[in-house]
Amino acid sequence: MTKASPAEDDIEVETSEAKGGLGIQSVEIGMGVLAALAGEGGPRSLSHIGRLCDMSRTKAHRYLTSLERSGFVEREPGTGHYRLGAKSVEVGLAALAGLDFPRFGSELLPEICRDVGESVFVSVWGDRGATIVRWEDSGSPVTVNVRVGSTMPLVQSATGQIFGAFLPEDVTAPFVADELKRGLGNAGNIRTVRDAQALFARVRRSGVSLIQGSMLPSIAAVCAPVFDNSGKLVGGLTSLGLMGNFDPDPEGRTVRTVLEWAHRLSARLGARV
């Protein structure tokens, strides 16, 4: 007697070689369900998750039940909707703890440089201020006197302005006061603390900092912020080039590409962008 064919929803291929290696397809599908739920940002109904994953309620329920048993998913009291469980939070925090922005930002810098088409660098906040930790040259003839280890002024540089805009004021205030005392903001008409605060507020509103020749003659630069999962600034992604060749248009390709990469780096750290 011929055995009846199982319904399509019940077919679960045990192995997958689609990406060049032997794997367990049911695990891949289950992780896809988990990722879809995580992307929703809150509890969702069984029907909603099924539609999201393009599967029937029955099939979605099977995967969600397994994820619930293992602690990766839990049911919301009252509604019965599904949300991420304690095990998902535990794994997520462990993954975030292992992420180091200077390390993986540096690893991606050659690719970012090729995509932007200009020299790029990543910076973090150190004891002496906004500090360059990795630099990648584009090959264009740009001569500057800043390199890895250099600190960037908060009121005068695109990089520094990002830190001035997104770090707590009590952290940056001593650096701003020192720079104003030395006249570093004069080229941009930044002479008082109020001027600096207005500048940083503009940067926060636009989400990016752009300068042209205010720090280094003939050099234009753009810097975008990188955030972690708590919304805290962890660093900046900067691109710079010769004025005339470098596109300073806020809506232009260079600025948009730097912003896109900063968003990708932030997403890698768990930030919602």
# chains A, B, ... in the order shown; residues from 1 in each chain; ligands from 1
call {"tool": "residues_around", "arguments": {"residues": "Leu180 in chain A", "least_positions_apart": "2", "cutoff": "8 Å", "atoms": "only C-alpha atoms", "output": "PDB file with C-alpha atoms, in the first residue's frame"}}
result
ATOM      1  CA  VAL A 176      35.506  72.485  24.449  1.00  0.00           C
ATOM      2  CA  ALA A 177      36.599  75.108  26.993  1.00  0.00           C
ATOM      3  CA  ASP A 178      40.275  74.418  26.261  1.00  0.00           C
ATOM      4  CA  ARG A 182      43.112  78.397  22.167  1.00  0.00           C
ATOM      5  CA  GLY A 183      40.895  79.895  19.452  1.00  0.00           C
ATOM      6  CA  LEU A 184      40.404  76.649  17.555  1.00  0.00           C
ATOM      7  CA  GLY A 185      36.828  77.527  16.685  1.00  0.00           C
ATOM      8  CA  ILE A 190      32.736  79.351  17.255  1.00  0.00           C
ATOM      9  CA  ARG A 191      33.993  81.610  20.045  1.00  0.00           C
ATOM     10  CA  THR A 192      31.807  80.852  23.051  1.00  0.00           C
ATOM     11  CA  VAL A 193      30.370  77.788  24.782  1.00  0.00           C
TER      12      VAL A 193
END
call {"tool": "residues_around", "arguments": {"residues": "Ser266 in chain A", "least_positions_apart": "3", "cutoff": "9 Å", "atoms": "only C-alpha atoms", "output": "list in words"}}
result
Phe101, Pro225, Val226, Phe227, Asp228, Asn229, Val234, Trp261, Ala262, His263, Leu269, Gly270, Ala271, Arg272 and Val273 of chain A
call {"tool": "write_last_selection", "arguments": {"atoms": "C-alpha atoms", "output": "compact mmCIF listing (two decimals), in the first residue's frame"}}
result
# COMPACT_ATOMS: atom_id res chain seq x y z
CA PHE A 101 33.75 48.50 17.40
CA PRO A 225 28.13 58.55 14.42
CA VAL A 226 28.14 54.87 15.37
CA PHE A 227 25.94 53.77 18.29
CA ASP A 228 25.60 50.61 20.38
CA ASN A 229 22.44 48.77 21.42
CA VAL A 234 30.86 54.37 20.50
CA TRP A 261 28.03 52.39 6.57
CA ALA A 262 27.70 54.07 9.97
CA HIS A 263 24.15 52.71 10.19
CA LEU A 269 26.24 46.58 17.60
CA GLY A 270 22.52 46.08 18.12
CA ALA A 271 21.39 49.67 17.62
CA ARG A 272 18.03 50.30 15.97
CA VAL A 273 18.68 52.51 12.97
call {"tool": "residues_around", "arguments": {"residues": "range 197-213 of chain A", "least_positions_apart": "5", "cutoff": "7 Å", "atoms": "only C-alpha atoms", "output": "ChimeraX atom specification"}}
result
/A:157-158,161-162,164-166,218-224
call {"tool": "closest_residue", "arguments": {"among": "A:Ser230, A:Asn189, A:Glu118, A:Gly149", "to": "Asp247 in chain A", "atoms": "only C-alpha atoms"}}
result
A:Glu118
call {"tool": "atom_distance", "arguments": {"atom1": "CA of Ile49 in chain A", "atom2": "CA of Gly85 in chain A"}}
result
15.5 Å
call {"tool": "residues_around", "arguments": {"residues": "Gly32 in chain A", "least_positions_apart": "4", "cutoff": "8 Å", "atoms": "only C-alpha atoms", "output": "list in words"}}
result
Glu28, Ala36 and Cys53 of chain A
call {"tool": "write_last_selection", "arguments": {"atoms": "N, CA and C atoms", "output": "short mmCIF file (atom, residue, chain, number, x, y, z; two decimals), in the first residue's frame"}}
result
data_model
loop_
_atom_site.label_atom_id
_atom_site.label_comp_id
_atom_site.auth_asym_id
_atom_site.auth_seq_id
_atom_site.Cartn_x
_atom_site.Cartn_y
_atom_site.Cartn_z
N GLU A 28 17.74 26.07 10.45
CA GLU A 28 17.82 27.33 9.71
C GLU A 28 16.45 28.01 9.67
N ALA A 36 12.86 36.84 12.56
CA ALA A 36 11.70 37.63 12.13
C ALA A 36 11.00 38.24 13.34
N CYS A 53 6.70 35.01 8.06
CA CYS A 53 7.64 33.98 7.63
C CYS A 53 7.14 33.19 6.42
#
call {"tool": "select_by_dssp", "arguments": {"residues": "range 81-168 of chain A", "states": "strand (DSSP E or B)", "output": "VMD selection string"}}
result
chain A and resid 82 to 84 119 to 126 129 to 136 151 to 152
call {"tool": "write_last_selection", "arguments": {"atoms": "C-alpha atoms", "output": "compact mmCIF listing (two decimals), in the first residue's frame"}}
result
# COMPACT_ATOMS: atom_id res chain seq x y z
CA TYR A 82 4.91 35.50 21.20
CA ARG A 83 7.94 37.52 22.24
CA LEU A 84 11.65 36.90 22.69
CA SER A 119 40.16 58.00 2.48
CA VAL A 120 38.33 56.90 5.62
CA PHE A 121 39.06 56.37 9.29
CA VAL A 122 37.35 55.27 12.49
CA SER A 123 37.69 57.06 15.80
CA VAL A 124 36.75 56.49 19.44
CA TRP A 125 36.71 58.61 22.58
CA GLY A 126 39.91 58.28 24.57
CA GLY A 129 39.53 63.15 23.27
CA ALA A 130 38.33 61.95 19.85
CA THR A 131 41.13 59.62 18.75
CA ILE A 132 41.77 58.02 15.34
CA VAL A 133 42.28 54.26 15.73
CA ARG A 134 42.43 53.05 12.10
CA TRP A 135 43.03 54.80 8.78
CA GLU A 136 42.57 53.57 5.21
CA THR A 151 43.16 63.50 18.46
CA MET A 152 40.60 65.63 16.65
call {"tool": "atom_distance", "arguments": {"atom1": "CA of Met31 in chain A", "atom2": "CA of Gly80 in chain A"}}
result
20.7 Å
call {"tool": "atom_distance", "arguments": {"atom1": "CA of Gly244 in chain A", "atom2": "CA of Val258 in chain A"}}
result
18.3 Å
call {"tool": "closest_atom_pairs", "arguments": {"of": "range 220-273 of chain A", "to": "range 105-117 of chain A", "cutoff": "10 Å", "atoms": "only C-alpha atoms", "output": "Markdown table"}}
result
| residue | atom | partner | partner_atom | distance |
| --- | --- | --- | --- | --- |
| A:Val226 | CA | A:Gly105 | CA | 9.9 |
| A:Gly235 | CA | A:Gly105 | CA | 9.5 |
| A:Gly236 | CA | A:Gly105 | CA | 9.8 |
| A:Leu237 | CA | A:Gly105 | CA | 8.7 |
| A:Ser239 | CA | A:Val116 | CA | 7.8 |
| A:Leu240 | CA | A:Gly117 | CA | 9.9 |
| A:Gly241 | CA | A:Gly117 | CA | 9.5 |
| A:Phe246 | CA | A:Gly117 | CA | 9.4 |
| A:Arg253 | CA | A:Val116 | CA | 8.1 |
| A:Thr254 | CA | A:Val116 | CA | 5.9 |
| A:Val255 | CA | A:Val116 | CA | 8.6 |
| A:Arg256 | CA | A:Val116 | CA | 9.2 |
| A:Thr257 | CA | A:Val116 | CA | 6.0 |
| A:Val258 | CA | A:Val116 | CA | 6.8 |
| A:Trp261 | CA | A:Ile112 | CA | 7.2 |
| A:Ala262 | CA | A:Gly105 | CA | 9.5 |
| A:Leu265 | CA | A:Gly105 | CA | 7.1 |
| A:Arg268 | CA | A:Gly105 | CA | 9.9 |
call {"tool": "write_last_selection", "arguments": {"atoms": "C-alpha atoms", "output": "PDB file, in the first residue's frame"}}
result
ATOM      1  CA  VAL A 226      28.137  54.867  15.368  1.00  0.00           C
ATOM      2  CA  GLY A 235      32.724  56.053  17.676  1.00  0.00           C
ATOM      3  CA  GLY A 236      32.716  57.908  14.417  1.00  0.00           C
ATOM      4  CA  LEU A 237      33.218  56.994  10.762  1.00  0.00           C
ATOM      5  CA  SER A 239      35.781  60.265   5.158  1.00  0.00           C
ATOM      6  CA  LEU A 240      37.921  63.098   3.831  1.00  0.00           C
ATOM      7  CA  GLY A 241      39.362  64.340   0.563  1.00  0.00           C
ATOM      8  CA  PHE A 246      35.297  65.553  -2.489  1.00  0.00           C
ATOM      9  CA  ARG A 253      26.717  59.952  -2.789  1.00  0.00           C
ATOM     10  CA  THR A 254      29.742  60.413  -0.499  1.00  0.00           C
ATOM     11  CA  VAL A 255      27.744  61.603   2.502  1.00  0.00           C
ATOM     12  CA  ARG A 256      24.983  59.047   1.922  1.00  0.00           C
ATOM     13  CA  THR A 257      27.498  56.199   1.655  1.00  0.00           C
ATOM     14  CA  VAL A 258      29.277  57.200   4.880  1.00  0.00           C
ATOM     15  CA  TRP A 261      28.031  52.386   6.565  1.00  0.00           C
ATOM     16  CA  ALA A 262      27.704  54.073   9.969  1.00  0.00           C
ATOM     17  CA  LEU A 265      28.099  49.396  11.938  1.00  0.00           C
ATOM     18  CA  ARG A 268      26.039  45.316  14.024  1.00  0.00           C
TER      19      ARG A 268
END
call {"tool": "residues_around", "arguments": {"residues": "Arg75 in chain A", "least_positions_apart": "4", "cutoff": "12 Å", "atoms": "only C-alpha atoms", "output": "count of residues only"}}
result
20
call {"tool": "select_by_dssp", "arguments": {"residues": "range 84-177 of chain A", "states": "helix (DSSP H, G or I)", "output": "ChimeraX atom specification"}}
result
/A:86-97,101-116,158-166,169-177
call {"tool": "closest_residue", "arguments": {"among": "A:Val33, A:Pro77, A:Tyr63, A:Ser140", "to": "Asn245 in chain A", "atoms": "only C-alpha atoms"}}
result
A:Ser140
call {"tool": "decode", "arguments": {"residues": "range 52-71 of chain A", "atoms": "N, CA and C atoms", "output": "JSON list (two decimals), in the first residue's frame"}}
result
[["chain", "number", "residue", "atom", "x", "y", "z"],
["A", 52, "LEU", "N", 4.51, 36.69, 8.35],
["A", 52, "LEU", "CA", 5.85, 37.28, 8.27],
["A", 52, "LEU", "C", 6.86, 36.29, 7.69],
["A", 53, "CYS", "N", 6.70, 35.01, 8.06],
["A", 53, "CYS", "CA", 7.64, 33.98, 7.63],
["A", 53, "CYS", "C", 7.14, 33.19, 6.42],
["A", 54, "ASP", "N", 5.99, 33.62, 5.88],
["A", 54, "ASP", "CA", 5.41, 32.96, 4.72],
["A", 54, "ASP", "C", 5.19, 31.46, 4.96],
["A", 55, "MET", "N", 4.57, 31.14, 6.09],
["A", 55, "MET", "CA", 4.25, 29.77, 6.40],
["A", 55, "MET", "C", 2.87, 29.70, 7.08],
["A", 56, "SER", "N", 2.28, 28.52, 7.08],
["A", 56, "SER", "CA", 0.95, 28.36, 7.68],
["A", 56, "SER", "C", 1.02, 28.51, 9.20],
["A", 57, "ARG", "N", -0.16, 28.71, 9.82],
["A", 57, "ARG", "CA", -0.22, 28.80, 11.28],
["A", 57, "ARG", "C", 0.31, 27.51, 11.91],
["A", 58, "THR", "N", -0.04, 26.37, 11.29],
["A", 58, "THR", "CA", 0.37, 25.07, 11.86],
["A", 58, "THR", "C", 1.89, 24.94, 11.89],
["A", 59, "LYS", "N", 2.50, 25.29, 10.78],
["A", 59, "LYS", "CA", 3.96, 25.18, 10.70],
["A", 59, "LYS", "C", 4.64, 26.19, 11.62],
["A", 60, "ALA", "N", 4.13, 27.43, 11.64],
["A", 60, "ALA", "CA", 4.70, 28.45, 12.51],
["A", 60, "ALA", "C", 4.56, 28.03, 13.97],
["A", 61, "HIS", "N", 3.42, 27.43, 14.31],
["A", 61, "HIS", "CA", 3.20, 27.00, 15.69],
["A", 61, "HIS", "C", 4.20, 25.94, 16.12],
["A", 62, "ARG", "N", 4.53, 25.00, 15.22],
["A", 62, "ARG", "CA", 5.50, 23.96, 15.56],
["A", 62, "ARG", "C", 6.85, 24.57, 15.92],
["A", 63, "TYR", "N", 7.31, 25.50, 15.08],
["A", 63, "TYR", "CA", 8.61, 26.10, 15.34],
["A", 63, "TYR", "C", 8.59, 26.96, 16.60],
["A", 64, "LEU", "N", 7.53, 27.72, 16.78],
["A", 64, "LEU", "CA", 7.42, 28.56, 17.97],
["A", 64, "LEU", "C", 7.35, 27.73, 19.24],
["A", 65, "THR", "N", 6.68, 26.57, 19.16],
["A", 65, "THR", "CA", 6.61, 25.69, 20.32],
["A", 65, "THR", "C", 7.99, 25.19, 20.71],
["A", 66, "SER", "N", 8.78, 24.79, 19.72],
["A", 66, "SER", "CA", 10.14, 24.33, 20.01],
["A", 66, "SER", "C", 11.00, 25.46, 20.57],
["A", 67, "LEU", "N", 10.85, 26.65, 20.00],
["A", 67, "LEU", "CA", 11.61, 27.79, 20.49],
["A", 67, "LEU", "C", 11.19, 28.17, 21.91],
["A", 68, "GLU", "N", 9.89, 28.00, 22.21],
["A", 68, "GLU", "CA", 9.41, 28.29, 23.55],
["A", 68, "GLU", "C", 9.94, 27.28, 24.56],
["A", 69, "ARG", "N", 9.96, 26.01, 24.18],
["A", 69, "ARG", "CA", 10.47, 24.97, 25.07],
["A", 69, "ARG", "C", 11.94, 25.18, 25.41],
["A", 70, "SER", "N", 12.68, 25.74, 24.46],
["A", 70, "SER", "CA", 14.11, 25.94, 24.68],
["A", 70, "SER", "C", 14.41, 27.30, 25.30],
["A", 71, "GLY", "N", 13.39, 28.10, 25.54],
["A", 71, "GLY", "CA", 13.58, 29.37, 26.23],
["A", 71, "GLY", "C", 13.87, 30.56, 25.34]]
